[in-house]
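Data first, discussion second: the structure below is written as structure tokens.
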Amino acid sequence: MENSLVNNDSLNVLILAAGLGTRLRPLTNDVPKPLVPVVDASILDLQARKARAIGNVRLHANAHYLAEQVVSAGGTLGFEKVWVELPDILGTAGPLKRIYNEGYRGGLLIMNGDAYCDFDLKAFVENAQALAAQPNGPQVALLAVDFPKVNTFRVGADGRLAGVVGRFGATEGAPATFSGVSWYSDEALSRIRDGEFDIREFWKQEIAAGRAPFIDMSQLHATWIDMGSPEGLMAAVEARLKELGRDVNEAVVEPGVELPAGVKIRHSVIYVGAEIAEGETIENEIRGKGFKWNVPPTPVY
């Protein structure tokens, strides 16, 4: 049953932060992936900053793995609410419907808690809202990037989703990759079935009903990095250093790390708990408690 409605003078933003972080273990044994430091801030913090740049927003996150840490961070960062998913994770559709069912209105922007990106979110949302207001306009907008290793989206000549390779729909059309950024109108959210787990099933249903999501292809080449792997984390660190106007090859040492005498570090990230020998030279590494990953520089940067 829906609770009393929360007025729609603000855009609701949900940062998905419930993942298990398996590709970054053992780094994520003690900290959830959205809270892994990327130079000077976590991805959750950086995504929240980008969301706030849109204007009047209410920030939400979901949490499952090490949920208490995400709840604490959400409180520090001024989130409206962190929605804990226990005992079971709710997938990529359940968290959206949960917020709608709790009475939040005003549309919903979705962002990922494991992606370093530099999108113009305000332009994306404004365009999505304008299209949705048109007669028979799309009530869902998905922001696409060009990532040839994936590019499972197939986009029709009308600019709408025609299919997802290996899942459903057309195999012909312009290729693109889903960035994880999306916008849903209240009307669309109302149609997500209670208990729906995979948001792609909802897209499939919308296509079948003649309401295919719009694919925004205007930011195909914006910075977008999946930081869920060691290589992705290093790329995110490099991108953040570049954004801060710093040398992408400099050493990033987490506060609290004590470096022995004579240590030389270049193009590496050192987290608390890393074992470091006196006089050691460290280059092209991510090192922390119980692990040492060799990660070469990212060619694009």
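Residues in the structure tokens are named by chain (A, B, ... in the order shown) and by number from 1 within that chain; ligands are numbered from 1 in the order shown.
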
Strand (DSSP E or B) residues, from DSSP on the backbone, in range 32-188 of chain A, as number ranges by chain: A: 37-38, 41-42, 57-63, 81-84, 104, 108-112, 115-117, 140-145, 153-155, 160-164, 168-169, 174-184

Export of prior selection with N, CA and C atoms as a compact mmCIF listing (two decimals), in the first residue's frame:
```txt
# COMPACT_ATOMS: atom_id res chain seq x y z
N PRO A 37 37.59 4.56 -1.55
CA PRO A 37 38.10 5.90 -1.88
C PRO A 37 38.68 5.94 -3.30
N VAL A 38 38.33 6.98 -4.02
CA VAL A 38 38.89 7.26 -5.35
C VAL A 38 39.56 8.63 -5.25
N ALA A 41 37.63 11.08 -2.52
CA ALA A 41 36.24 10.85 -2.14
C ALA A 41 35.78 9.51 -2.68
N SER A 42 34.71 8.99 -2.09
CA SER A 42 34.13 7.74 -2.59
C SER A 42 33.27 8.03 -3.82
N VAL A 57 17.13 18.33 -5.56
CA VAL A 57 17.02 16.87 -5.61
C VAL A 57 16.87 16.30 -4.21
N ARG A 58 16.27 15.12 -4.14
CA ARG A 58 16.25 14.31 -2.93
C ARG A 58 17.09 13.08 -3.22
N LEU A 59 18.15 12.87 -2.43
CA LEU A 59 19.06 11.77 -2.69
C LEU A 59 18.65 10.52 -1.92
N HIS A 60 18.65 9.40 -2.62
CA HIS A 60 18.38 8.10 -2.06
C HIS A 60 19.51 7.16 -2.47
N ALA A 61 19.73 6.12 -1.68
CA ALA A 61 20.61 5.02 -2.08
C ALA A 61 19.97 3.74 -1.56
N ASN A 62 20.32 2.63 -2.20
CA ASN A 62 19.94 1.35 -1.61
C ASN A 62 21.20 0.69 -1.06
N ALA A 63 21.03 -0.28 -0.19
CA ALA A 63 22.18 -0.92 0.46
C ALA A 63 21.83 -2.35 0.82
N LYS A 81 17.21 9.21 2.27
CA LYS A 81 17.06 7.91 2.90
C LYS A 81 17.98 6.90 2.22
N VAL A 82 18.51 5.98 3.00
CA VAL A 82 19.20 4.80 2.47
C VAL A 82 18.27 3.62 2.72
N TRP A 83 17.87 2.97 1.62
CA TRP A 83 16.90 1.88 1.68
C TRP A 83 17.64 0.55 1.81
N VAL A 84 17.62 -0.02 2.99
CA VAL A 84 18.33 -1.27 3.24
C VAL A 84 17.51 -2.44 2.69
N TYR A 104 6.92 8.50 -2.93
CA TYR A 104 7.75 9.55 -3.53
C TYR A 104 7.33 9.80 -4.97
N LEU A 108 12.16 9.89 -11.17
CA LEU A 108 13.29 9.23 -10.50
C LEU A 108 14.46 9.09 -11.45
N LEU A 109 15.59 9.67 -11.05
CA LEU A 109 16.85 9.51 -11.78
C LEU A 109 17.65 8.41 -11.11
N ILE A 110 18.14 7.47 -11.92
CA ILE A 110 18.94 6.36 -11.42
C ILE A 110 20.40 6.56 -11.80
N MET A 111 21.30 6.36 -10.83
CA MET A 111 22.74 6.41 -11.07
C MET A 111 23.37 5.17 -10.44
N ASN A 112 24.55 4.81 -10.90
CA ASN A 112 25.25 3.65 -10.34
C ASN A 112 26.27 4.08 -9.31
N ALA A 115 30.30 3.63 -10.80
CA ALA A 115 30.70 4.19 -12.10
C ALA A 115 31.23 5.60 -11.93
N TYR A 116 32.42 5.83 -12.44
CA TYR A 116 32.98 7.18 -12.46
C TYR A 116 32.61 7.79 -13.80
N CYS A 117 31.88 8.90 -13.77
CA CYS A 117 31.40 9.47 -15.03
C CYS A 117 31.38 10.98 -14.98
N VAL A 140 10.33 6.65 -20.12
CA VAL A 140 11.61 6.15 -19.62
C VAL A 140 12.70 6.62 -20.58
N ALA A 141 13.80 7.13 -20.03
CA ALA A 141 14.95 7.52 -20.84
C ALA A 141 16.19 6.85 -20.28
N LEU A 142 17.00 6.29 -21.17
CA LEU A 142 18.22 5.59 -20.79
C LEU A 142 19.40 6.29 -21.46
N LEU A 143 20.40 6.65 -20.69
CA LEU A 143 21.57 7.34 -21.23
C LEU A 143 22.59 6.32 -21.72
N ALA A 144 23.01 6.47 -22.97
CA ALA A 144 23.90 5.50 -23.60
C ALA A 144 25.30 6.04 -23.78
N VAL A 145 26.26 5.12 -23.80
CA VAL A 145 27.64 5.44 -24.15
C VAL A 145 28.08 4.46 -25.24
N PHE A 153 22.90 -2.69 -26.49
CA PHE A 153 21.67 -1.99 -26.89
C PHE A 153 21.57 -1.97 -28.41
N ARG A 154 20.35 -2.08 -28.90
CA ARG A 154 20.05 -1.83 -30.30
C ARG A 154 18.99 -0.74 -30.33
N VAL A 155 19.33 0.36 -30.99
CA VAL A 155 18.49 1.54 -30.97
C VAL A 155 17.86 1.73 -32.34
N ARG A 160 14.43 4.97 -30.04
CA ARG A 160 13.96 4.19 -28.89
C ARG A 160 14.63 2.82 -28.86
N LEU A 161 14.59 2.21 -27.69
CA LEU A 161 15.20 0.90 -27.51
C LEU A 161 14.45 -0.13 -28.34
N ALA A 162 15.20 -0.83 -29.20
CA ALA A 162 14.60 -1.87 -30.05
C ALA A 162 14.90 -3.26 -29.52
N GLY A 163 16.00 -3.41 -28.78
CA GLY A 163 16.34 -4.71 -28.25
C GLY A 163 17.62 -4.66 -27.44
N VAL A 164 17.85 -5.71 -26.67
CA VAL A 164 19.08 -5.91 -25.93
C VAL A 164 19.64 -7.26 -26.37
N PHE A 168 16.39 -9.81 -25.56
CA PHE A 168 15.09 -9.67 -26.21
C PHE A 168 15.19 -8.67 -27.35
N GLY A 169 14.18 -8.71 -28.21
CA GLY A 169 14.01 -7.68 -29.22
C GLY A 169 14.91 -7.80 -30.42
N ALA A 174 21.24 0.77 -34.20
CA ALA A 174 22.49 1.40 -33.76
C ALA A 174 22.94 0.79 -32.44
N PRO A 175 24.21 0.37 -32.34
CA PRO A 175 24.71 -0.24 -31.11
C PRO A 175 25.08 0.81 -30.06
N ALA A 176 24.88 0.48 -28.81
CA ALA A 176 25.26 1.37 -27.72
C ALA A 176 25.30 0.55 -26.43
N THR A 177 25.86 1.14 -25.39
CA THR A 177 25.95 0.52 -24.08
C THR A 177 25.17 1.35 -23.07
N PHE A 178 24.44 0.69 -22.20
CA PHE A 178 23.71 1.39 -21.15
C PHE A 178 24.71 1.90 -20.11
N SER A 179 24.64 3.18 -19.80
CA SER A 179 25.58 3.80 -18.86
C SER A 179 25.20 3.56 -17.40
N GLY A 180 23.99 3.08 -17.17
CA GLY A 180 23.49 2.94 -15.81
C GLY A 180 22.70 4.15 -15.34
N VAL A 181 22.73 5.23 -16.14
CA VAL A 181 21.96 6.43 -15.82
C VAL A 181 20.63 6.37 -16.56
N SER A 182 19.54 6.56 -15.84
CA SER A 182 18.22 6.48 -16.46
C SER A 182 17.24 7.38 -15.72
N TRP A 183 16.14 7.68 -16.37
CA TRP A 183 15.09 8.50 -15.77
C TRP A 183 13.74 7.84 -16.02
N TYR A 184 12.91 7.83 -14.98
CA TYR A 184 11.58 7.24 -15.05
C TYR A 184 10.54 8.25 -14.56
```

Those of range 133-256 of chain A in DSSP alpha helix (DSSP H), formatted as a ChimeraX atom specification: /A:186-191,199-208,230-243

Can I get the residues of range 170-280 of chain A within 8 Å of range 24-28 of chain A, each with the closest pair of atoms and their distance in Å to one decimal, using only C-alpha atoms, sorted chain first then ascending number, as JSON lines?
```
{"residue": "A:Gly228", "atom": "CA", "partner": "A:Leu24", "partner_atom": "CA", "distance": 6.3}
{"residue": "A:Ser229", "atom": "CA", "partner": "A:Leu24", "partner_atom": "CA", "distance": 5.6}
{"residue": "A:Pro230", "atom": "CA", "partner": "A:Leu24", "partner_atom": "CA", "distance": 6.4}
```

Export of prior selection with C-alpha atoms as an mmCIF file, in the first residue's frame:
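Output saved as result-v2.cif:
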```
data_model
loop_
_atom_site.group_PDB
_atom_site.id
_atom_site.type_symbol
_atom_site.label_atom_id
_atom_site.label_comp_id
_atom_site.auth_asym_id
_atom_site.auth_seq_id
_atom_site.Cartn_x
_atom_site.Cartn_y
_atom_site.Cartn_z
ATOM 1 C CA GLY A 228 34.155 -2.613 -10.421
ATOM 2 C CA SER A 229 37.477 -4.225 -11.387
ATOM 3 C CA PRO A 230 41.101 -3.378 -10.494
#
```

Using only C-alpha atoms, find each residue of range 95-115 of chain A with at least one atom at most 9 Å away from an atom of range 194-202 of chain A; report its shortest atom-to-atom pair and that distance in Å (one decimal), sort the rows by chain and rising residue number, and return the result as a Markdown table.
```
| residue | atom | partner | partner_atom | distance |
| --- | --- | --- | --- | --- |
| A:Pro95 | CA | A:Phe197 | CA | 8.8 |
| A:Lys97 | CA | A:Asp194 | CA | 6.8 |
| A:Arg98 | CA | A:Asp194 | CA | 8.3 |
```

Deliver the residues from the most recent selection as a file, using C-alpha atoms, as an mmCIF file, in the first residue's frame.
```cif
data_model
loop_
_atom_site.group_PDB
_atom_site.id
_atom_site.type_symbol
_atom_site.label_atom_id
_atom_site.label_comp_id
_atom_site.auth_asym_id
_atom_site.auth_seq_id
_atom_site.Cartn_x
_atom_site.Cartn_y
_atom_site.Cartn_z
ATOM 1 C CA PRO A 95 14.430 -0.537 -5.534
ATOM 2 C CA LYS A 97 9.196 0.354 -7.245
ATOM 3 C CA ARG A 98 9.903 0.445 -3.527
#
```
